[in-house]
$ cat entry_32.pdb   # PDB, C-alpha atoms and all ligand atoms
ATOM      1  CA  MET A  79      -3.652   0.648  17.919
ATOM      2  CA  MET A  80      -4.633  -2.853  16.890
ATOM      3  CA  MET A  81      -3.403  -3.868  13.450
ATOM      4  CA  PRO A  82      -6.004  -5.927  11.592
ATOM      5  CA  SER A  83      -3.643  -7.397   9.024
ATOM      6  CA  SER A  84      -1.514  -9.009  11.735
ATOM      7  CA  GLY A  85      -4.262 -11.606  12.187
ATOM      8  CA  PRO A  86      -5.280 -14.434   9.885
ATOM      9  CA  ALA A  87      -5.026 -13.768   6.180
ATOM     10  CA  ARG A  88      -8.214 -12.305   4.743
ATOM     11  CA  PRO A  89      -9.359 -12.811   1.152
ATOM     12  CA  THR A  90      -8.411  -9.997  -1.187
ATOM     13  CA  PRO A  91     -10.556  -9.047  -4.146
ATOM     14  CA  ASP A  92      -9.538 -10.131  -7.593
ATOM     15  CA  ILE A  93      -7.736  -7.435  -9.524
ATOM     16  CA  ASP A  94      -9.479  -6.997 -12.884
ATOM     17  CA  THR A  95      -7.042  -5.155 -15.113
ATOM     18  CA  SER A  96      -9.555  -4.902 -17.964
ATOM     19  CA  VAL A  97     -11.695  -2.423 -16.009
ATOM     20  CA  PRO A  98     -10.256   1.044 -15.331
ATOM     21  CA  HIS A  99      -9.622   1.790 -11.692
ATOM     22  CA  SER A 100      -9.267   5.272 -10.191
ATOM     23  CA  ALA A 101      -6.200   4.398  -8.090
ATOM     24  CA  ARG A 102      -4.381   2.994 -11.119
ATOM     25  CA  MET A 103      -5.430   6.032 -13.178
ATOM     26  CA  TRP A 104      -3.901   8.215 -10.456
ATOM     27  CA  ASN A 105      -0.770   6.070 -10.670
ATOM     28  CA  TYR A 106      -0.718   6.701 -14.443
ATOM     29  CA  TRP A 107      -0.932  10.471 -13.962
ATOM     30  CA  LEU A 108       1.955  10.248 -11.502
ATOM     31  CA  GLY A 109       4.056   8.458 -14.112
ATOM     32  CA  GLY A 110       3.901   5.135 -12.266
ATOM     33  CA  LYS A 111       4.072   1.678 -13.786
ATOM     34  CA  ASP A 112       1.207   0.012 -11.918
ATOM     35  CA  ASN A 113      -1.501   0.694 -14.447
ATOM     36  CA  TYR A 114      -2.915  -1.126 -17.445
ATOM     37  CA  VAL A 115      -4.273  -0.285 -20.892
ATOM     38  CA  ALA A 116      -7.831   0.184 -19.590
ATOM     39  CA  ASP A 117      -6.560   2.576 -16.894
ATOM     40  CA  GLN A 118      -4.397   4.483 -19.384
ATOM     41  CA  GLU A 119      -7.255   4.903 -21.851
ATOM     42  CA  ALA A 120      -9.671   6.079 -19.155
ATOM     43  CA  ALA A 121      -7.031   8.413 -17.718
ATOM     44  CA  GLU A 122      -6.410   9.942 -21.150
ATOM     45  CA  GLN A 123     -10.148  10.486 -21.647
ATOM     46  CA  PHE A 124     -10.427  12.126 -18.235
ATOM     47  CA  GLN A 125      -7.405  14.271 -18.976
ATOM     48  CA  ALA A 126      -8.950  15.436 -22.261
ATOM     49  CA  ALA A 127     -11.800  16.922 -20.212
ATOM     50  CA  PHE A 128      -9.610  18.106 -17.307
ATOM     51  CA  PRO A 129      -6.097  18.751 -18.625
ATOM     52  CA  GLN A 130      -4.692  19.875 -15.258
ATOM     53  CA  ILE A 131      -5.233  16.503 -13.619
ATOM     54  CA  ALA A 132      -1.709  15.079 -14.089
ATOM     55  CA  GLU A 133      -0.090  18.303 -12.886
ATOM     56  CA  ASN A 134      -2.469  18.334  -9.924
ATOM     57  CA  ALA A 135      -1.596  14.743  -9.025
ATOM     58  CA  ARG A 136       2.114  15.543  -9.071
ATOM     59  CA  ALA A 137       1.539  18.690  -7.004
ATOM     60  CA  PHE A 138      -0.412  16.718  -4.376
ATOM     61  CA  ARG A 139       2.408  14.193  -4.265
ATOM     62  CA  ALA A 140       5.047  16.914  -3.907
ATOM     63  CA  PHE A 141       3.044  18.420  -1.044
ATOM     64  CA  LEU A 142       2.977  15.023   0.667
ATOM     65  CA  GLY A 143       6.740  14.845   0.302
ATOM     66  CA  ARG A 144       7.320  18.285   1.771
ATOM     67  CA  GLY A 145       4.832  17.737   4.571
ATOM     68  CA  VAL A 146       6.092  14.356   5.735
ATOM     69  CA  THR A 147       9.725  15.415   5.497
ATOM     70  CA  TYR A 148       9.016  18.556   7.527
ATOM     71  CA  LEU A 149       7.041  16.637  10.159
ATOM     72  CA  ALA A 150       9.777  14.013  10.577
ATOM     73  CA  ALA A 151      12.791  16.320  10.330
ATOM     74  CA  GLU A 152      11.606  19.543  11.936
ATOM     75  CA  ALA A 153       8.667  18.605  14.154
ATOM     76  CA  GLY A 154      10.016  15.296  15.445
ATOM     77  CA  ILE A 155       6.939  13.263  14.491
ATOM     78  CA  ARG A 156       7.576   9.502  14.526
ATOM     79  CA  GLN A 157       4.107   8.050  13.951
ATOM     80  CA  PHE A 158       2.045   8.749  10.851
ATOM     81  CA  VAL A 159      -1.403   7.770   9.615
ATOM     82  CA  ASP A 160      -1.644   8.160   5.844
ATOM     83  CA  VAL A 161      -5.354   8.377   5.039
ATOM     84  CA  GLY A 162      -6.230   7.892   1.374
ATOM     85  CA  THR A 163      -2.939   6.214   0.552
ATOM     86  CA  GLY A 164      -3.611   5.178  -3.029
ATOM     87  CA  LEU A 165      -1.210   2.822  -4.750
ATOM     88  CA  PRO A 166       2.386   2.656  -3.559
ATOM     89  CA  THR A 167       4.634   4.693  -5.817
ATOM     90  CA  GLU A 168       7.923   6.533  -5.402
ATOM     91  CA  ASN A 169       8.469   8.422  -2.156
ATOM     92  CA  ASN A 170       5.777   6.682  -0.172
ATOM     93  CA  THR A 171       5.120   8.060   3.295
ATOM     94  CA  HIS A 172       7.169   5.376   5.069
ATOM     95  CA  GLU A 173      10.120   6.012   2.736
ATOM     96  CA  LEU A 174       9.984   9.778   3.234
ATOM     97  CA  ALA A 175       9.682   9.549   7.012
ATOM     98  CA  GLN A 176      12.172   6.711   7.483
ATOM     99  CA  ARG A 177      14.698   8.534   5.305
ATOM    100  CA  VAL A 178      14.760  11.124   8.084
ATOM    101  CA  ALA A 179      14.290   8.774  11.033
ATOM    102  CA  PRO A 180      14.305   5.001  10.433
ATOM    103  CA  GLU A 181      12.255   4.380  13.576
ATOM    104  CA  CYS A 182       9.195   6.112  12.110
ATOM    105  CA  ARG A 183       6.034   3.993  12.018
ATOM    106  CA  ILE A 184       3.331   4.452   9.415
ATOM    107  CA  VAL A 185      -0.192   3.069   9.158
ATOM    108  CA  TYR A 186      -1.706   3.273   5.714
ATOM    109  CA  VAL A 187      -5.477   3.653   5.456
ATOM    110  CA  ASP A 188      -7.585   3.412   2.332
ATOM    111  CA  ASN A 189     -11.222   2.414   1.965
ATOM    112  CA  ASP A 190     -10.710   0.800  -1.420
ATOM    113  CA  PRO A 191     -10.079  -2.971  -1.121
ATOM    114  CA  LEU A 192      -8.315  -2.934  -4.485
ATOM    115  CA  VAL A 193      -5.767  -0.458  -3.171
ATOM    116  CA  LEU A 194      -5.126  -2.822  -0.276
ATOM    117  CA  ALA A 195      -4.671  -5.764  -2.634
ATOM    118  CA  HIS A 196      -2.231  -3.821  -4.797
ATOM    119  CA  ALA A 197      -0.405  -2.450  -1.773
ATOM    120  CA  ARG A 198       0.104  -5.870  -0.268
ATOM    121  CA  ALA A 199       1.549  -7.128  -3.544
ATOM    122  CA  LEU A 200       3.718  -4.076  -4.206
ATOM    123  CA  LEU A 201       5.140  -3.614  -0.720
ATOM    124  CA  VAL A 202       6.159  -7.233  -0.153
ATOM    125  CA  GLY A 203       9.872  -7.339   0.496
ATOM    126  CA  ALA A 204      10.291  -3.562   0.461
ATOM    127  CA  PRO A 205      12.934  -2.567   2.981
ATOM    128  CA  ARG A 206      11.338  -1.274   6.173
ATOM    129  CA  ALA A 207       7.904  -1.363   4.560
ATOM    130  CA  PRO A 208       5.087  -0.863   7.019
ATOM    131  CA  PRO A 209       4.093  -4.251   8.384
ATOM    132  CA  THR A 210       0.426  -3.410   8.141
ATOM    133  CA  THR A 211      -2.062  -1.909   5.780
ATOM    134  CA  SER A 212      -5.747  -1.551   6.382
ATOM    135  CA  THR A 213      -9.023  -0.806   4.698
ATOM    136  CA  TRP A 214     -10.275   1.349   7.530
ATOM    137  CA  THR A 215     -12.117   4.431   6.411
ATOM    138  CA  CYS A 216     -12.175   7.936   7.819
ATOM    139  CA  THR A 217     -15.882   7.908   8.390
ATOM    140  CA  ASN A 218     -16.138   4.376   9.787
ATOM    141  CA  PRO A 219     -12.923   3.517  11.595
ATOM    142  CA  ARG A 220     -13.492  -0.206  11.781
ATOM    143  CA  PRO A 221     -11.498  -2.721   9.736
ATOM    144  CA  SER A 222     -13.423  -4.094   6.762
TER     145      SER A 222
HETATM  146  C1  LIG A 301      -6.370  10.761  -5.174
HETATM  147  S1  LIG A 301      -5.959   9.308  -4.284
HETATM  148  C2  LIG A 301      -4.547   9.923  -3.355
HETATM  149  C3  LIG A 301      -3.342   9.015  -3.432
HETATM  150  C4  LIG A 301      -2.111   9.456  -2.626
HETATM  151  N1  LIG A 301      -2.436   9.943  -1.287
HETATM  152  C5  LIG A 301      -1.265  10.473  -3.346
HETATM  153  O1  LIG A 301      -1.072  11.567  -2.815
HETATM  154  O2  LIG A 301      -0.770  10.193  -4.427
HETATM  155  C6  LIG A 301      -7.220   9.298  -2.988
HETATM  156  C7  LIG A 301      -7.338   7.978  -2.213
HETATM  157  O3  LIG A 301      -8.206   8.188  -1.094
HETATM  158  C8  LIG A 301      -8.976   7.013  -0.885
HETATM  159  N2  LIG A 301     -10.174   7.382  -0.086
HETATM  160  C9  LIG A 301     -11.235   8.118  -0.489
HETATM  161  N3  LIG A 301     -12.131   8.248   0.517
HETATM  162  C10 LIG A 301     -11.628   7.589   1.597
HETATM  163  C11 LIG A 301     -12.080   7.359   2.935
HETATM  164  N4  LIG A 301     -13.260   7.848   3.367
HETATM  165  N5  LIG A 301     -11.312   6.632   3.774
HETATM  166  C12 LIG A 301     -10.119   6.140   3.350
HETATM  167  N6  LIG A 301      -9.624   6.315   2.076
HETATM  168  C13 LIG A 301     -10.371   7.036   1.213
HETATM  169  C14 LIG A 301      -9.267   6.505  -2.283
HETATM  170  O4  LIG A 301      -9.569   5.122  -2.306
HETATM  171  C15 LIG A 301      -7.929   6.828  -3.005
HETATM  172  O5  LIG A 301      -7.059   5.718  -3.015
END

$ encode --input "entry_32.pdb" --output "structure tokens"
Amino acid sequence: MMMPSSGPARPTPDIDTSVPHSARMWNYWLGGKDNYVADQEAAEQFQAAFPQIAENARAFRAFLGRGVTYLAAEAGIRQFVDVGTGLPTENNTHELAQRVAPECRIVYVDNDPLVLAHARALLVGAPRAPPTTSTWTCTNPRPS
């Protein structure tokens, strides 16, 4: 598979921390640190209307952990495509899979350019971080 980010650097969108962003709100519900006051306030408002949201986010994340660990450890999978990655947090797919088998390769896909911008900043220098991230979407599998 061709990796679009291995080519020339492309401009990334500015990250406006004064406007709430759904990926950073999700990060807040997961207990992450990559969110800002605007995200926290919006997340709290959302949670007032839908109190289960933080528990749901953690349950989704736990499922990801169980699934990737099973696939790497029990099923012998060595290549993963993580569609709808969201912001990097603890136990990212490459960390889970490479904990089992360091040779695992992961492509992260998210259609939100802001997620890509955050991911590039947050994964720089991470040991064995995936060399590529992409803004491909599920419905239109062409790099944006
Ligand atoms: C709720 S977050 C999930 C984050 C992470 N997977 C987790 O388990 O914590 C959903 C993510 O899917 C992305 N997304 C939604 N529709 C998409 C599509 N058609 N193609 C790629 N990514 C998509 C959103 O931008 C968002 O970052």

$ residues_around --input "entry_32.pdb" --residues "region 159-175 of chain A" --least-positions-apart "6" --cutoff "6 Å" --atoms "all atoms listed in the file" --output "list in words"
Ala101, Ala150, Ile184, Val185, Tyr186, Val187, Asp188 and Val193 of chain A

$ axis_aligned_box --input "entry_32.pdb" --around "region 108-114 of chain A" --padding-each-side "5 Å" --output "AutoDock Vina command-line options"
--center_x 0.6 --center_y 4.6 --center_z -14.5 --size_x 17.0 --size_y 21.4 --size_z 15.9

$ atom_distance --input "entry_32.pdb" --atom1 "CA of Ala132 (chain A)" --atom2 "atom N1 of ligand LIG 301 (chain A)"
13.8 Å

$ atom_distance --input "entry_32.pdb" --atom1 "CA of Arg144 (chain A)" --atom2 "CA of Phe124 (chain A)"
27.4 Å

$ atom_distance --input "entry_32.pdb" --atom1 "CA of Val97 (chain A)" --atom2 "CA of Gln130 (chain A)"
23.4 Å

$ residues_around --input "entry_32.pdb" --residues "Tyr114 (chain A)" --least-positions-apart "3" --cutoff "8 Å" --atoms "all atoms listed in the file" --output "list in words"
Thr95, Ser96, Pro98, Arg102, Asp117 and Gln118 of chain A

$ closest_residue --input "entry_32.pdb" --among "A:His99, A:Asp94, A:Tyr106, A:Ala151" --to "Gln125 (chain A)" --atoms "only C-alpha atoms"
A:Tyr106

$ closest_residue --input "entry_32.pdb" --among "A:Ile155, A:Arg136, A:Leu194, A:Gly145" --to "Cys182 (chain A)" --atoms "all atoms listed in the file"
A:Ile155

$ closest_residue --input "entry_32.pdb" --among "A:Ala195, A:Val178, A:Ala121, A:Leu108" --to "ligand LIG 301 (chain A)" --atoms "only C-alpha atoms and all ligand atoms"
A:Leu108

$ closest_residue --input "entry_32.pdb" --among "A:Asp112, A:Glu133, A:Phe158, A:Trp107" --to "Ile93 (chain A)" --atoms "only C-alpha atoms"
A:Asp112

$ closest_residue --input "entry_32.pdb" --among "A:Asp190, A:Glu119, A:Glu181, A:Glu152" --to "ligand LIG 301 (chain A)" --atoms "all atoms listed in the file"
A:Asp190

$ closest_residue --input "entry_32.pdb" --among "A:Gly143, A:Pro129, A:Gly154, A:Pro180" --to "ligand LIG 301 (chain A)" --atoms "all atoms listed in the file"
A:Gly143

$ decode --input "entry_32.pdb" --residues "region 115-177 of chain A" --atoms "C-alpha atoms" --output "PDB file, in the first residue's frame"
ATOM      1  CA  VAL A 115     -10.762  24.230  28.367  1.00  0.00           C
ATOM      2  CA  ALA A 116     -13.163  24.599  25.422  1.00  0.00           C
ATOM      3  CA  ASP A 117     -13.117  20.816  24.875  1.00  0.00           C
ATOM      4  CA  GLN A 118     -13.597  20.115  28.588  1.00  0.00           C
ATOM      5  CA  GLU A 119     -16.546  22.493  28.862  1.00  0.00           C
ATOM      6  CA  ALA A 120     -18.237  21.068  25.764  1.00  0.00           C
ATOM      7  CA  ALA A 121     -17.563  17.517  26.952  1.00  0.00           C
ATOM      8  CA  GLU A 122     -19.122  18.278  30.343  1.00  0.00           C
ATOM      9  CA  GLN A 123     -22.204  19.751  28.658  1.00  0.00           C
ATOM     10  CA  PHE A 124     -22.527  16.694  26.431  1.00  0.00           C
ATOM     11  CA  GLN A 125     -22.078  14.423  29.418  1.00  0.00           C
ATOM     12  CA  ALA A 126     -24.848  16.242  31.305  1.00  0.00           C
ATOM     13  CA  ALA A 127     -27.227  15.172  28.525  1.00  0.00           C
ATOM     14  CA  PHE A 128     -25.684  11.710  28.006  1.00  0.00           C
ATOM     15  CA  PRO A 129     -24.060  10.608  31.269  1.00  0.00           C
ATOM     16  CA  GLN A 130     -22.889   7.235  29.921  1.00  0.00           C
ATOM     17  CA  ILE A 131     -20.554   8.778  27.368  1.00  0.00           C
ATOM     18  CA  ALA A 132     -17.305   8.576  29.387  1.00  0.00           C
ATOM     19  CA  GLU A 133     -17.995   4.979  30.409  1.00  0.00           C
ATOM     20  CA  ASN A 134     -18.822   4.161  26.792  1.00  0.00           C
ATOM     21  CA  ALA A 135     -15.574   5.714  25.568  1.00  0.00           C
ATOM     22  CA  ARG A 136     -13.558   3.660  28.042  1.00  0.00           C
ATOM     23  CA  ALA A 137     -15.468   0.504  27.094  1.00  0.00           C
ATOM     24  CA  PHE A 138     -14.759   1.079  23.383  1.00  0.00           C
ATOM     25  CA  ARG A 139     -11.100   1.571  24.221  1.00  0.00           C
ATOM     26  CA  ALA A 140     -10.989  -1.595  26.331  1.00  0.00           C
ATOM     27  CA  PHE A 141     -12.566  -3.518  23.451  1.00  0.00           C
ATOM     28  CA  LEU A 142      -9.867  -2.197  21.119  1.00  0.00           C
ATOM     29  CA  GLY A 143      -7.254  -3.413  23.572  1.00  0.00           C
ATOM     30  CA  ARG A 144      -8.731  -6.887  23.845  1.00  0.00           C
ATOM     31  CA  GLY A 145      -9.293  -7.166  20.112  1.00  0.00           C
ATOM     32  CA  VAL A 146      -5.842  -6.076  18.980  1.00  0.00           C
ATOM     33  CA  THR A 147      -4.107  -8.161  21.630  1.00  0.00           C
ATOM     34  CA  TYR A 148      -6.116 -11.234  20.628  1.00  0.00           C
ATOM     35  CA  LEU A 149      -5.458 -10.688  16.916  1.00  0.00           C
ATOM     36  CA  ALA A 150      -1.703 -10.278  17.444  1.00  0.00           C
ATOM     37  CA  ALA A 151      -1.229 -12.954  20.106  1.00  0.00           C
ATOM     38  CA  GLU A 152      -3.741 -15.632  19.164  1.00  0.00           C
ATOM     39  CA  ALA A 153      -4.519 -15.109  15.482  1.00  0.00           C
ATOM     40  CA  GLY A 154      -1.019 -14.181  14.330  1.00  0.00           C
ATOM     41  CA  ILE A 155      -2.058 -10.945  12.611  1.00  0.00           C
ATOM     42  CA  ARG A 156       0.896  -8.658  11.841  1.00  0.00           C
ATOM     43  CA  GLN A 157      -0.693  -5.884   9.779  1.00  0.00           C
ATOM     44  CA  PHE A 158      -3.458  -3.645  11.081  1.00  0.00           C
ATOM     45  CA  VAL A 159      -5.535  -0.806   9.667  1.00  0.00           C
ATOM     46  CA  ASP A 160      -7.026   1.294  12.460  1.00  0.00           C
ATOM     47  CA  VAL A 161      -9.959   3.165  10.925  1.00  0.00           C
ATOM     48  CA  GLY A 162     -11.275   6.063  13.000  1.00  0.00           C
ATOM     49  CA  THR A 163      -8.117   6.342  15.066  1.00  0.00           C
ATOM     50  CA  GLY A 164      -8.902   9.481  17.035  1.00  0.00           C
ATOM     51  CA  LEU A 165      -6.160  11.133  19.044  1.00  0.00           C
ATOM     52  CA  PRO A 166      -3.230   9.043  20.238  1.00  0.00           C
ATOM     53  CA  THR A 167      -3.673   8.078  23.868  1.00  0.00           C
ATOM     54  CA  GLU A 168      -2.511   5.210  26.058  1.00  0.00           C
ATOM     55  CA  ASN A 169      -2.476   1.741  24.519  1.00  0.00           C
ATOM     56  CA  ASN A 170      -2.615   2.851  20.920  1.00  0.00           C
ATOM     57  CA  THR A 171      -3.008   0.097  18.349  1.00  0.00           C
ATOM     58  CA  HIS A 172       0.694   0.017  17.438  1.00  0.00           C
ATOM     59  CA  GLU A 173       1.650  -0.237  21.123  1.00  0.00           C
ATOM     60  CA  LEU A 174      -0.812  -3.053  21.793  1.00  0.00           C
ATOM     61  CA  ALA A 175       0.198  -5.044  18.722  1.00  0.00           C
ATOM     62  CA  GLN A 176       3.941  -4.417  19.001  1.00  0.00           C
ATOM     63  CA  ARG A 177       3.856  -5.399  22.672  1.00  0.00           C
TER      64      ARG A 177
END
